[in-house]
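Shown here: structure-v2.cif, mmCIF, C-alpha atoms.
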```
data_protein
#
loop_
_atom_site.label_atom_id
_atom_site.label_comp_id
_atom_site.auth_asym_id
_atom_site.auth_seq_id
_atom_site.Cartn_x
_atom_site.Cartn_y
_atom_site.Cartn_z
CA GLN N 849 -7.80 -51.47 -8.38
CA THR N 850 -4.51 -50.41 -10.03
CA LEU N 851 -5.94 -46.96 -10.73
CA VAL N 852 -6.84 -46.52 -7.05
CA ILE N 853 -3.33 -47.50 -5.95
CA LEU N 854 -1.70 -45.13 -8.45
CA SER N 855 -4.02 -42.32 -7.37
CA CYS N 856 -3.10 -42.90 -3.73
CA LEU N 857 0.60 -42.99 -4.57
CA ALA N 858 0.28 -39.69 -6.45
CA PHE N 859 -1.73 -38.17 -3.61
CA TYR N 860 0.97 -39.01 -1.09
CA GLY N 861 3.78 -37.79 -3.36
CA PHE N 862 5.22 -41.13 -4.44
CA ALA N 863 4.48 -40.66 -8.12
CA THR N 864 5.45 -37.02 -8.67
CA LYS N 865 7.66 -37.87 -11.65
CA GLY N 866 4.56 -38.51 -13.75
CA VAL N 867 2.96 -35.29 -12.49
CA ARG N 868 5.79 -33.01 -13.64
CA GLN N 869 4.41 -30.73 -16.31
CA THR N 870 6.94 -30.00 -19.06
CA LEU N 871 9.70 -28.96 -16.66
CA THR N 872 13.15 -30.04 -17.77
CA GLY N 873 15.77 -30.95 -15.21
CA THR N 874 17.65 -27.75 -16.08
CA MET N 875 14.51 -25.68 -15.50
CA VAL N 876 13.89 -27.31 -12.12
CA GLU N 877 17.50 -26.72 -11.10
CA SER N 878 17.49 -23.04 -12.11
CA PHE N 879 14.10 -22.47 -10.46
CA ASN N 880 15.33 -24.07 -7.23
CA ASP N 881 18.48 -21.92 -7.45
CA HIS N 882 16.27 -18.87 -7.66
CA ILE N 883 14.07 -19.95 -4.74
CA ASN N 884 17.24 -20.21 -2.67
CA ALA N 885 18.32 -16.74 -3.85
CA GLU N 886 14.99 -15.37 -2.54
CA TRP N 887 15.63 -16.98 0.87
CA GLU N 888 19.17 -15.54 0.89
CA ALA N 889 17.81 -12.07 0.07
CA PHE N 890 15.37 -12.48 2.98
CA TYR N 891 18.32 -13.31 5.23
CA VAL N 892 20.26 -10.21 4.13
CA TYR N 893 17.29 -7.87 4.56
CA GLU N 894 16.46 -9.26 8.00
CA GLY N 895 20.08 -8.72 9.01
CA LEU N 896 19.97 -5.13 7.79
CA ALA N 897 16.70 -4.48 9.62
CA ALA N 898 18.25 -5.82 12.82
CA CYS N 899 21.27 -3.57 12.30
CA PHE N 900 19.20 -0.40 11.93
CA ASP N 901 17.05 -1.42 14.91
CA ARG N 902 20.01 -1.57 17.30
CA PRO N 903 19.84 0.97 20.17
CA ASP N 904 23.15 2.54 19.11
CA VAL N 905 21.80 3.08 15.55
CA GLY N 906 18.09 3.72 16.16
CA LEU N 907 16.90 4.36 12.60
CA GLN N 908 13.38 2.94 12.72
CA GLY N 909 12.42 4.04 9.21
CA TRP N 910 15.27 1.99 7.74
CA THR N 911 14.30 -0.89 10.05
CA ARG N 912 10.76 -0.88 8.61
CA PHE N 913 12.08 -0.51 5.06
CA PHE N 914 14.30 -3.59 5.32
CA HIS N 915 11.68 -5.62 7.23
CA LYS N 916 9.28 -4.96 4.36
CA ALA N 917 11.94 -5.98 1.84
CA ALA N 918 12.52 -9.20 3.81
CA ASP N 919 8.77 -9.90 3.90
CA ASP N 920 8.60 -9.43 0.12
CA GLU N 921 11.44 -11.90 -0.44
CA ILE N 922 9.91 -14.59 1.78
CA SER N 923 6.58 -14.10 0.00
CA HIS N 924 8.30 -14.58 -3.36
CA ALA N 925 10.05 -17.74 -2.16
CA ARG N 926 6.80 -19.22 -0.88
CA LYS N 927 4.90 -18.42 -4.09
CA MET N 928 7.65 -20.00 -6.14
CA MET N 929 7.76 -23.10 -3.96
CA GLY N 930 3.99 -23.44 -4.32
CA TYR N 931 4.29 -23.09 -8.08
CA MET N 932 6.98 -25.78 -8.23
CA ASN N 933 4.77 -28.11 -6.22
CA LYS N 934 1.81 -27.45 -8.52
CA ARG N 935 3.98 -28.33 -11.49
CA GLY N 936 4.95 -31.64 -9.85
CA SER N 937 8.56 -30.78 -9.13
CA THR N 938 10.58 -31.07 -5.97
CA VAL N 939 11.69 -27.99 -4.06
CA ALA N 940 15.33 -28.31 -2.98
CA LEU N 941 16.23 -25.78 -0.28
CA GLN N 942 19.88 -25.15 0.48
CA SER N 943 21.56 -23.67 3.54
CA ILE N 944 22.42 -19.97 3.49
CA SER N 945 25.84 -19.73 1.91
CA HIS N 946 28.83 -18.65 3.97
CA GLN N 947 29.78 -16.25 1.19
CA LEU N 948 26.45 -14.48 1.60
CA LYS N 949 26.98 -14.21 5.35
CA GLN N 950 30.15 -12.24 4.58
CA SER N 951 28.32 -9.97 2.11
CA ALA N 952 29.12 -6.26 2.12
CA ALA N 953 25.36 -5.62 2.16
CA LEU N 954 25.19 -7.31 5.54
CA ASN N 955 27.81 -5.28 7.38
CA VAL N 956 26.24 -5.26 10.82
CA THR N 957 29.25 -3.69 12.50
CA HIS N 958 29.14 -0.43 10.56
CA CYS N 959 25.64 -0.28 9.13
CA THR N 960 24.95 2.79 7.04
CA ALA N 961 21.96 3.28 4.81
CA TYR N 962 24.16 4.23 1.87
CA ALA N 963 26.16 0.96 2.01
CA ALA N 964 22.99 -1.04 2.70
CA LEU N 965 21.27 0.47 -0.35
CA GLN N 966 24.28 -0.22 -2.55
CA GLY N 967 24.29 -3.86 -1.41
CA ALA N 968 20.52 -4.14 -1.79
CA LEU N 969 20.68 -2.75 -5.33
CA GLU N 970 23.31 -5.31 -6.33
CA LEU N 971 21.27 -8.06 -4.67
CA GLU N 972 18.08 -7.04 -6.50
CA LYS N 973 19.94 -6.89 -9.82
CA SER N 974 21.26 -10.40 -9.18
CA VAL N 975 17.79 -11.71 -8.30
CA ASN N 976 16.37 -10.00 -11.39
CA GLY N 977 19.03 -11.65 -13.55
CA LYS N 978 18.08 -15.08 -12.24
CA ILE N 979 14.41 -14.48 -13.01
CA LEU N 980 15.28 -13.23 -16.51
CA LYS N 981 17.35 -16.36 -17.14
CA ILE N 982 14.51 -18.63 -16.03
CA HIS N 983 12.06 -16.63 -18.17
CA GLN N 984 14.35 -16.98 -21.17
CA ASN N 985 14.76 -20.73 -20.58
CA ALA N 986 10.99 -21.08 -20.25
CA GLY N 987 10.65 -19.41 -23.65
CA THR N 988 13.15 -21.84 -25.15
CA ASP N 989 11.15 -24.71 -23.62
CA PHE N 990 7.86 -23.18 -24.92
CA ASP N 991 6.60 -22.96 -21.34
CA ALA N 992 4.18 -20.04 -21.58
CA ASN N 993 2.71 -20.81 -18.16
CA MET N 994 6.10 -20.41 -16.47
CA GLN N 995 6.74 -17.15 -18.34
CA ASP N 996 3.33 -15.82 -17.32
CA PHE N 997 3.99 -16.78 -13.70
CA LEU N 998 7.33 -14.93 -13.73
CA ASP N 999 6.05 -11.72 -15.36
CA ASP N 1000 4.72 -10.25 -12.08
CA PHE N 1001 8.03 -10.94 -10.36
CA LEU N 1002 9.92 -9.19 -13.16
CA THR N 1003 7.63 -6.16 -12.92
CA GLU N 1004 8.21 -6.01 -9.17
CA GLN N 1005 11.99 -6.34 -9.63
CA VAL N 1006 12.05 -3.39 -12.03
CA ALA N 1007 10.14 -1.29 -9.48
CA SER N 1008 12.48 -2.32 -6.64
CA ILE N 1009 15.61 -1.56 -8.65
CA ALA N 1010 14.20 1.85 -9.63
CA GLU N 1011 13.29 2.68 -6.00
CA LEU N 1012 16.74 1.74 -4.70
CA SER N 1013 18.41 3.69 -7.51
CA ARG N 1014 16.36 6.80 -6.71
CA MET N 1015 17.28 6.56 -3.04
CA LEU N 1016 20.96 6.20 -3.88
CA ALA N 1017 20.73 9.19 -6.22
CA ARG N 1018 19.57 11.31 -3.29
CA PHE N 1019 22.65 10.24 -1.33
CA ASN N 1020 24.91 11.03 -4.26
CA ARG N 1021 23.57 14.59 -4.59
CA VAL N 1022 24.60 15.64 -1.06
CA ALA N 1023 28.04 15.48 0.52
CA ASP N 1024 26.73 14.80 4.05
CA LYS N 1025 25.51 11.20 3.74
CA SER N 1026 24.47 11.01 7.40
CA MET N 1027 22.05 13.91 6.88
CA VAL N 1028 20.46 12.19 3.88
CA GLU N 1029 20.30 8.94 5.87
CA PHE N 1030 18.43 10.72 8.66
CA LEU N 1031 16.04 12.59 6.32
CA ILE N 1032 15.10 9.45 4.37
CA ASP N 1033 14.68 7.57 7.65
CA GLN N 1034 12.08 10.15 8.69
CA GLU N 1035 10.22 9.62 5.39
CA LEU N 1036 10.19 5.86 5.73
#
```

Could you write out this structure as structure tokens?
Amino acid sequence: QTLVILSCLAFYGFATKGVRQTLTGTMVESFNDHINAEWEAFYVYEGLAACFDRPDVGLQGWTRFFHKAADDEISHARKMMGYMNKRGSTVALQSISHQLKQSAALNVTHCTAYAALQGALELEKSVNGKILKIHQNAGTDFDANMQDFLDDFLTEQVASIAELSRMLARFNRVADKSMVEFLIDQEL
């Protein structure tokens, strides 16, 4: 009878402490911090997509580019939340920080692709750094499963950083940034 009660409690989430699989409090905190960073990146990219979609801007290629980036970030956040739940931990979502709302990457008054790409590159580097820190901590904690889970995210971050860097390099090679903005928009 006791086993049945404990099973029911675990099923309904009342006994998650015993379910947690080798995750230290520090690991849970840093993983939750990263989940929130993914949601914040989603927020920034959605704001940029909305900026480029405005009738007075009308750059639909950039709109699609940043919508895709936002979709990627929300997908990452959801995968990470699912992973935390599987490991028996609690996901702790935070509100979008006011500091992020004032981010240079989210300048919706004067949106230019060059400034947006610079902000996106810094954002991706920051997200990558958080994943690297969690990966390193997982290694210290001998958590091979966590490291394996994070490897795909790290590979994707490297690709994103390289793509943004290549796009910025194209801007830096030509004096007329608005021409490059328009040409890349047509490619996107």

Output as AutoDock Vina command-line options the centre and edge lengths (Å, one decimal) of the box along x, y and z of the file that holds every listed atom of stretch 963-969 of chain N after adding 8 Å on each side.
```
--center_x 23.3 --center_y -1.6 --center_z -1.3 --size_x 21.6 --size_y 21.1 --size_z 24.0
```

Requested in this report: Find the residues around N:Leu871 up to 12 Å (all atoms listed in the file counted), leave out those fewer than 2 positions away in its own chain, and share them as a ChimeraX atom specification.
Outcome: /N:865-869,873-879,931-938,982,985-994

**Report entry** Chain and number of each residue from the PyMOL selection byres ((chain N and resi 926) around 12), as a list in words
**Finding:** Asn880, His882, Ile883, Asn884, Glu886, Trp887, Phe890, Asp919, Asp920, Glu921, Ile922, Ser923, His924, Ala925, Lys927, Met928, Met929, Gly930, Tyr931, Met932, Asn933, Val939 and Leu941 of chain N

Report task. Can you work out the spacing between atom CA of N:Leu971 and atom CA of N:Gln1034 in Å, to one decimal? Result ->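 Separation of atom CA of N:Leu971 and atom CA of N:Gln1034: 24.4 Å.
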
**Report entry** Shell of 9 Å around N:Ser1008, all atoms listed in the file, local chain residues under 4 positions omitted, as an NGL selection string
**Finding:** :N and (969 or 972 or 1003-1004 or 1012-1013)

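From atom CA of N:Val1022 back to atom CA of N:Val905, the distance works out to 21.0 Å.
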
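Taken over the whole file, the PyMOL selection byres ((chain N and resi 961) around 10) covers exactly Leu896, Phe900, Leu907, Trp910, Ala953, His958, Cys959, Thr960, Tyr962, Ala963, Ala964, Leu965, Gln966, Gly967, Met1015, Leu1016, Phe1019, Lys1025, Ser1026, Val1028, Glu1029, Phe1030, Ile1032 and Asp1033 of chain N.
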
Requested in this report: Quick one: residues within 7 Å of (12.4, -9.0, -11.3) (file frame), counting only C-alpha atoms, please, as a VMD selection string.
Outcome: chain N and resid 975 to 976 979 1001 to 1006

Query raised in the report: Do you know which residues are at most 10 Å from N:Phe913 counting only C-alpha atoms, after dropping those on the same chain fewer than 2 positions away, and could you put them as a PyMOL selection string?
Result: chain N and resi 893+896-897+900+908-911+915-918+1033+1036

Query raised in the report: Hey, can you check how far atom CA of N:Ile1009 sits from atom CA of N:Ala889?
Result: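 A separation of 13.8 Å between them.
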
Query raised in the report: So which one's closest to N:Asp901, N:Ala1017, N:Gly977, N:Asp1000, N:Phe914? Using all atoms listed in the file, please.
Result: N:Phe914

Report task. Name the closest residue to N:Gln995 among the candidates N:Ala1007, N:Leu980, N:Met1027, N:Gly906; distances are taken between atoms, counting all atoms listed in the file. Result ->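 Counting all atoms listed in the file, the residue closest to N:Gln995 is N:Leu980.
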
Query raised in the report: So, counting all atoms listed in the file, which residue among N:Asp904, N:Arg912, N:Glu894, N:Ala885 is closest to N:Glu1035?
Result: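 Among the listed residues, N:Arg912 lies closest to N:Glu1035.
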